[in-house]
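Engineer: Next up, upload_23.cif (mmCIF, C-alpha atoms).
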```cif
data_data
#
loop_
_atom_site.label_atom_id
_atom_site.label_comp_id
_atom_site.auth_asym_id
_atom_site.auth_seq_id
_atom_site.Cartn_x
_atom_site.Cartn_y
_atom_site.Cartn_z
CA MET H 98 -11.71 -2.94 -0.82
CA GLU H 99 -11.91 -0.81 -3.91
CA GLN H 100 -8.96 1.47 -4.42
CA SER H 101 -8.92 4.95 -5.88
CA GLY H 102 -7.17 5.54 -9.18
CA THR H 103 -4.59 7.64 -7.36
CA SER H 104 -3.87 4.88 -4.91
CA THR H 105 -3.54 2.34 -7.71
CA ARG H 106 -1.14 4.53 -9.69
CA LEU H 107 0.90 5.19 -6.57
CA GLN H 108 1.15 1.50 -5.81
CA ALA H 109 2.26 0.81 -9.38
CA ALA H 110 4.94 3.49 -9.09
CA VAL H 111 6.13 2.02 -5.79
CA GLN H 112 6.36 -1.41 -7.40
CA ASP H 113 8.37 -0.01 -10.31
CA LEU H 114 10.77 1.62 -7.92
CA ALA H 115 11.03 -1.54 -5.84
CA SER H 116 11.86 -3.51 -8.99
CA GLY H 117 14.82 -1.24 -9.59
CA VAL H 118 16.03 -1.73 -6.04
CA VAL H 119 15.71 -5.51 -6.40
CA SER H 120 17.72 -5.41 -9.61
CA ALA H 121 20.43 -3.38 -7.93
CA LEU H 122 20.50 -5.71 -4.92
CA ARG H 123 20.93 -8.65 -7.28
CA GLY H 124 23.93 -6.95 -8.79
CA GLY H 125 22.24 -5.41 -11.80
CA ASP H 126 22.19 -1.85 -12.99
CA HIS H 127 22.17 0.63 -10.16
CA ALA H 128 22.19 3.77 -12.24
CA HIS H 129 18.51 4.60 -12.18
CA VAL H 130 16.88 3.12 -9.11
CA VAL H 131 15.48 6.50 -8.12
CA PRO H 132 14.23 8.51 -11.10
CA PRO H 133 16.24 11.65 -11.79
CA ALA H 134 15.03 14.95 -10.41
CA GLY H 135 14.52 16.35 -13.88
CA THR H 136 11.55 14.09 -14.51
CA ASP H 137 8.74 16.57 -14.96
CA GLY H 138 5.02 16.44 -14.67
CA GLU H 139 2.87 13.73 -13.27
CA ALA H 140 5.43 10.98 -13.77
CA GLY H 141 8.00 12.85 -11.75
CA ASP H 142 5.61 13.70 -8.96
CA LEU H 143 4.28 10.19 -8.81
CA ALA H 144 7.85 8.92 -8.65
CA LEU H 145 8.59 11.33 -5.82
CA ALA H 146 5.61 10.02 -3.87
CA ALA H 147 6.76 6.47 -4.61
CA VAL H 148 10.17 7.25 -3.12
CA ARG H 149 8.44 8.49 0.02
CA VAL H 150 6.40 5.28 0.26
CA LEU H 151 9.34 2.95 -0.38
CA GLY H 152 11.22 5.00 2.18
CA ALA H 153 14.81 4.46 3.17
CA ASP H 154 14.95 1.28 1.07
CA ALA H 155 15.14 3.47 -2.04
CA LEU H 156 18.82 3.91 -1.20
CA LEU H 157 19.34 0.41 0.20
CA PRO H 158 21.65 -0.97 -2.54
CA GLY H 159 24.24 1.73 -1.99
CA LEU H 160 23.89 1.48 1.75
CA LEU H 161 24.56 -2.26 1.79
CA SER H 162 27.41 -2.05 -0.72
CA HIS H 163 28.91 0.99 1.01
CA THR H 164 28.93 2.99 -2.17
CA PRO H 165 27.95 6.66 -2.17
CA PRO H 166 24.61 7.38 -3.83
CA ASP H 167 24.36 9.09 -7.14
CA PRO H 168 23.91 12.85 -6.49
CA ALA H 169 20.79 12.96 -8.67
CA GLU H 170 19.26 10.06 -6.74
CA LEU H 171 20.14 11.71 -3.51
CA ALA H 172 18.48 14.95 -4.63
CA VAL H 173 15.21 13.15 -5.34
CA PHE H 174 15.43 11.29 -2.06
CA ARG H 175 15.98 14.56 -0.22
CA LYS H 176 13.04 16.14 -2.03
CA ALA H 177 10.79 13.25 -1.01
CA VAL H 178 11.84 13.63 2.63
CA GLU H 179 11.13 17.35 2.55
CA ALA H 180 7.91 17.20 0.53
CA TYR H 181 6.14 14.58 2.63
CA PRO H 182 6.76 15.10 6.35
CA PRO H 183 4.38 13.18 8.59
CA ARG H 184 1.29 15.06 9.61
CA PRO H 185 0.84 15.69 13.35
CA ASP H 186 -1.72 12.91 13.63
CA ALA H 187 0.20 10.45 11.47
CA ALA H 188 0.42 6.81 12.44
CA PRO H 189 3.62 5.65 14.17
CA THR H 190 4.75 3.71 11.10
CA VAL H 191 4.49 6.89 9.02
CA ARG H 192 6.57 8.85 11.53
CA TRP H 193 9.17 6.10 11.80
CA SER H 194 9.36 5.76 8.03
CA HIS H 195 10.08 9.47 7.71
CA TRP H 196 12.62 9.33 10.51
CA ALA H 197 14.38 6.42 8.76
CA MET H 198 14.55 8.42 5.53
CA ALA H 199 15.97 11.47 7.31
CA ARG H 200 18.53 9.28 9.02
CA THR H 201 19.50 7.58 5.76
CA LEU H 202 19.82 10.97 4.10
CA ARG H 203 22.12 12.14 6.87
CA ARG H 204 24.23 8.99 6.53
CA ALA H 205 24.48 9.40 2.77
CA ASP H 206 25.16 13.11 2.95
CA PRO H 207 26.55 14.29 6.29
CA SER H 208 25.86 17.88 5.27
CA SER H 209 22.12 17.15 5.47
CA ALA H 210 20.07 18.28 8.43
CA GLU H 211 20.12 16.18 11.56
CA PRO H 212 17.25 13.68 11.58
CA PRO H 213 14.42 14.63 13.92
CA ALA H 214 14.20 13.02 17.34
CA GLU H 215 13.17 9.37 17.25
CA PRO H 216 9.43 8.78 17.48
CA ASP H 217 8.40 6.65 20.43
CA THR H 218 7.54 2.96 20.48
CA ALA H 219 4.68 3.22 22.95
CA TRP H 220 2.24 1.77 20.43
CA LEU H 221 4.19 -1.48 20.49
CA ASP H 222 4.34 -1.77 24.27
CA GLY H 223 2.57 -4.98 25.08
CA ALA H 224 1.68 -5.62 21.44
CA THR H 225 0.73 -9.18 20.66
CA TRP H 226 3.23 -11.13 18.57
CA GLN H 227 0.87 -10.91 15.62
CA VAL H 228 0.60 -7.13 15.79
CA LEU H 229 4.30 -6.76 16.52
CA THR H 230 5.25 -8.79 13.46
CA HIS H 231 2.88 -6.90 11.19
CA GLN H 232 4.18 -3.54 12.34
CA LEU H 233 7.83 -4.62 12.12
CA ALA H 234 7.25 -5.91 8.60
CA VAL H 235 5.83 -2.51 7.63
CA LEU H 236 8.96 -0.97 9.14
CA ALA H 237 11.35 -3.40 7.45
CA PRO H 238 13.51 -0.52 6.11
CA LEU H 239 14.64 -0.08 9.73
CA ALA H 240 16.07 -3.61 9.70
CA LEU H 241 19.65 -2.79 8.85
CA PRO H 242 22.98 -4.09 10.13
CA GLY H 243 24.30 -1.90 12.91
CA GLU H 244 21.07 0.05 13.21
CA ASP H 245 20.45 1.41 16.68
CA CYS H 246 17.00 2.82 17.21
CA ALA H 247 14.15 2.15 19.61
CA VAL H 248 12.28 -0.13 17.20
CA HIS H 249 15.42 -2.20 16.65
CA ARG H 250 16.05 -2.52 20.36
CA LEU H 251 12.44 -3.55 20.94
CA ALA H 252 12.66 -6.20 18.23
CA GLN H 253 15.86 -7.58 19.72
CA HIS H 254 13.94 -8.44 22.87
CA ARG H 255 11.26 -10.41 21.00
CA PRO H 256 12.96 -12.71 18.48
CA VAL H 257 10.71 -15.66 19.26
CA ASP H 258 7.61 -13.55 18.77
CA VAL H 259 8.87 -12.32 15.41
CA ALA H 260 9.71 -15.91 14.46
CA ARG H 261 6.16 -16.98 15.33
CA GLY H 262 4.86 -14.07 13.31
CA PHE H 263 7.00 -15.09 10.34
CA VAL H 264 5.59 -18.61 10.38
CA ARG H 265 2.07 -17.26 10.76
CA ALA H 266 2.53 -14.90 7.83
CA VAL H 267 3.78 -17.75 5.64
CA ARG H 268 0.83 -19.91 6.60
CA ARG H 269 -1.55 -17.03 5.82
CA ARG H 270 0.25 -16.46 2.49
CA ASP H 271 0.91 -12.87 3.49
CA TRP H 272 4.15 -12.77 1.55
CA ARG H 273 4.92 -9.11 2.18
CA GLN H 274 4.63 -9.57 5.90
CA ALA H 275 6.60 -12.80 5.78
CA ALA H 276 9.39 -11.20 3.77
CA GLY H 277 9.59 -8.20 6.07
CA ALA H 278 9.61 -10.38 9.16
CA GLY H 279 12.25 -12.60 7.56
CA ARG H 280 14.44 -9.57 7.01
CA TRP H 281 14.16 -8.70 10.70
CA LEU H 282 14.92 -12.30 11.74
CA THR H 283 18.12 -12.14 9.72
CA LEU H 284 19.38 -9.51 12.14
CA LEU H 285 17.88 -10.53 15.47
CA PRO H 286 19.80 -12.60 18.00
CA GLY H 287 18.16 -15.62 19.55
CA VAL H 288 16.03 -16.72 16.61
CA PRO H 289 15.21 -20.43 17.00
CA ASP H 290 16.91 -22.65 14.40
CA THR H 291 13.65 -24.56 14.07
CA VAL H 292 12.18 -21.64 12.13
CA GLY H 293 14.23 -22.68 9.12
CA LEU H 294 14.74 -19.10 8.07
CA GLU H 295 16.85 -19.72 5.00
CA SER H 296 14.43 -22.27 3.54
CA GLY H 297 11.56 -20.08 4.63
CA LEU H 298 12.91 -17.12 2.70
CA ASP H 299 13.35 -19.36 -0.35
CA PHE H 300 9.73 -20.38 -0.07
CA VAL H 301 8.51 -16.81 0.37
CA GLU H 302 10.43 -15.82 -2.75
CA LEU H 303 9.08 -18.78 -4.68
CA MET H 304 5.49 -18.03 -3.77
CA GLY H 305 5.49 -14.25 -3.55
CA GLY H 306 8.62 -13.11 -5.32
CA GLN H 307 6.75 -11.83 -8.37
CA ASP H 308 5.73 -8.92 -6.13
CA PRO H 309 8.74 -6.56 -6.15
CA LEU H 310 8.01 -5.50 -2.58
CA VAL H 311 8.38 -9.12 -1.48
CA ALA H 312 11.47 -9.67 -3.62
CA LEU H 313 13.06 -6.53 -2.19
CA GLN H 314 12.80 -7.77 1.40
CA VAL H 315 14.01 -11.26 0.52
CA GLN H 316 17.00 -9.87 -1.38
CA ALA H 317 17.77 -7.47 1.45
CA ALA H 318 17.67 -10.34 3.93
CA ARG H 319 19.99 -12.44 1.77
CA ARG H 320 22.44 -9.59 1.32
CA MET H 321 22.51 -8.99 5.05
CA ARG H 322 22.98 -12.68 5.80
CA MET H 323 25.88 -12.78 3.36
CA GLY H 324 27.34 -9.70 5.00
CA ALA H 325 27.00 -11.22 8.45
CA ARG H 326 28.91 -14.31 7.28
CA GLY H 327 31.64 -12.05 5.92
CA MET P 167 -1.03 22.68 3.32
CA ARG P 168 2.28 23.98 1.97
CA THR P 169 2.62 25.38 -1.53
CA ASP P 170 4.79 22.55 -2.87
CA GLU P 171 2.34 20.02 -1.48
CA LYS P 172 -0.53 21.82 -3.23
CA VAL P 173 1.33 21.75 -6.53
CA ILE P 174 2.03 18.04 -6.28
CA GLN P 175 -1.54 17.32 -5.29
CA ARG P 176 -2.94 19.40 -8.18
CA VAL P 177 -0.82 17.61 -10.74
CA THR P 178 -1.13 14.04 -9.56
CA GLY P 179 -4.09 13.96 -7.25
CA ILE P 180 -1.79 12.41 -4.68
CA GLN P 181 -2.54 13.59 -1.20
CA ALA P 182 -0.60 13.09 1.99
CA ALA P 183 -3.40 10.78 3.05
CA ASP P 184 -2.67 8.45 0.09
CA ILE P 185 0.97 8.23 1.08
CA GLU P 186 0.22 7.76 4.74
CA ALA P 187 -2.31 5.05 3.95
CA ALA P 188 0.36 3.21 1.97
CA LEU P 189 2.73 3.53 4.91
CA ASP P 190 0.23 2.27 7.46
CA PRO P 191 -1.47 -0.68 5.79
CA VAL P 192 -3.89 -2.92 7.58
CA GLU P 193 -2.93 -6.55 7.75
CA ALA P 194 -3.90 -8.48 4.66
CA ASP P 195 -6.57 -11.12 5.02
CA GLY P 196 -5.10 -14.55 5.48
CA VAL P 197 -5.35 -17.10 2.70
CA TYR P 198 -4.28 -20.55 3.69
CA ARG P 199 -2.28 -22.92 1.56
CA ASP P 200 -3.73 -25.74 -0.41
CA SER P 201 -2.25 -29.20 -0.37
CA ARG P 202 -0.26 -28.66 -3.60
CA GLN P 203 1.57 -25.76 -2.00
CA CYS P 204 2.10 -27.75 1.17
CA ALA P 205 3.79 -30.40 -0.93
CA GLY P 206 6.07 -27.76 -2.42
CA LEU P 207 6.89 -26.56 1.03
CA ALA P 208 7.72 -30.07 2.14
CA LEU P 209 10.10 -30.48 -0.80
CA LEU P 210 11.81 -27.21 0.00
CA SER P 211 12.16 -28.00 3.65
CA GLY P 212 14.31 -31.06 2.98
CA GLY P 213 14.65 -32.53 6.41
CA GLY P 214 11.24 -31.45 7.50
CA LYS P 215 12.68 -28.55 9.41
CA LEU P 216 10.52 -25.87 7.97
CA LEU P 217 7.16 -24.54 8.93
CA LEU P 218 5.34 -27.81 8.61
CA SER P 219 2.50 -28.62 10.88
CA PRO P 220 -0.50 -30.90 10.66
CA PRO P 221 -3.49 -29.50 8.81
CA THR P 222 -5.98 -27.61 10.87
CA PRO P 223 -8.65 -30.02 12.15
CA ARG P 224 -11.97 -29.53 10.46
CA PRO P 225 -15.29 -30.40 12.03
CA LYS P 226 -16.80 -33.62 10.79
CA LYS P 227 -19.98 -33.38 8.86
CA GLY P 228 -22.99 -35.11 10.18
#
```
Output the file's structure as structure tokens, nothing else.

Structural biologist:
Amino acid sequence: MEQSGTSTRLQAAVQDLASGVVSALRGGDHAHVVPPAGTDGEAGDLALAAVRVLGADALLPGLLSHTPPDPAELAVFRKAVEAYPPRPDAAPTVRWSHWAMARTLRRADPSSAEPPAEPDTAWLDGATWQVLTHQLAVLAPLALPGEDCAVHRLAQHRPVDVARGFVRAVRRRDWRQAAGAGRWLTLLPGVPDTVGLESGLDFVELMGGQDPLVALQVQAARRMRMGARG
Amino acid sequence: MRTDEKVIQRVTGIQAADIEAALDPVEADGVYRDSRQCAGLALLSGGGKLLLSPPTPRPKKG
């Protein structure tokens, strides 16, 4: 499908932002993951939209390392949350993404407004394992240690389905979906050992890791696995 | 549409619909591995524990 110029520029901005997050997760520079609020003009606005698309993962490095975010980063993150609320007819993934950002903002800055009420998970009731895995991969920013939300609880009841979806995504070479599903599997109880998650994540990175959105999920999964091992 | 949203849209052409489309992507079309990649996967899997399955049967010609 042909993409508009706007869509292409937005995707490029999202990839740039994701590259910064990957670098920070790998232990690199964390100073400028989110562009500073003073960035004016189109670049700044595009960056703001990119933060909204990347969602809560824009602040993931600090969240996983338990370090407070840079105030300038936080200001941009807050602006993205406020500038792009979901429209009334928005898809569930859009509403959940915004909820996750509001919740992350509240965690990072307790003086922020309470996040809105959780959206529902009705659209996943009875979802096939293929649909479930695709939707969970889109919502990978919700896959965090200690997270307690309706999507997380739903995923915890379907680890085998997510594992099947992970394998399917690898076989289809859908590296973004595979990486997102792999991140979820890192956290879910009851994942069959036969999935070979660790080797699977290595393979996903090898094949798809040049895409920063794939690398981000793989790095997040690795960081969370390391954290779980203490 | 709120004022700040109008400003952003005027400058960048980015609309809420662009962002929401990015946040609600359709599933990518599947592309299946070729045998070279399968071999790489086999090497990575070590003990054959990973993701390996026989190739999908193909109908015989003729």

Engineer: If I take atom CA of P:Ala183 and atom CA of H:Tyr181, how far is one from the other in Å, to one decimal?

Structural biologist: 10.3 Å

Engineer: Considering all atoms listed in the file, can you say which of H:Ala180, H:Val118, H:Ala153, H:Leu294 comes closest to P:Ala182?

Structural biologist: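 Closest to P:Ala182, using all atoms listed in the file: H:Ala180.
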
Engineer: Restrict the distance test to all atoms listed in the file, flag each residue of chain H within 6 Å of chain P, and return the flagged residues as a PyMOL selection string.

Structural biologist: chain H and resi 139+190-191+268-270+293

Engineer: What does the file look like for those residues with C-alpha atoms, as a tab-separated table (two decimals), keeping the file's coordinate frame?

Structural biologist:
```tsv
chain	number	residue	atom	x	y	z
H	139	GLU	CA	2.87	13.73	-13.27
H	190	THR	CA	4.75	3.71	11.10
H	191	VAL	CA	4.49	6.89	9.02
H	268	ARG	CA	0.83	-19.91	6.60
H	269	ARG	CA	-1.55	-17.03	5.82
H	270	ARG	CA	0.25	-16.46	2.49
H	293	GLY	CA	14.23	-22.68	9.12
```

Engineer: Using only the atoms of stretch 104-112 of chain H listed in the file, plus 3 Å on each side, state the axis-aligned box centre and edge lengths in Å rounded to one decimal, as JSON.

Structural biologist:
```
{"center_x": 1.2, "center_y": 1.9, "center_z": -7.3, "size_x": 16.2, "size_y": 12.6, "size_z": 10.8}
```

Engineer: For this file, the PyMOL selection byres ((chain H and resi 171) around 10) selects which residues, as a count of residues only?

Structural biologist: 20
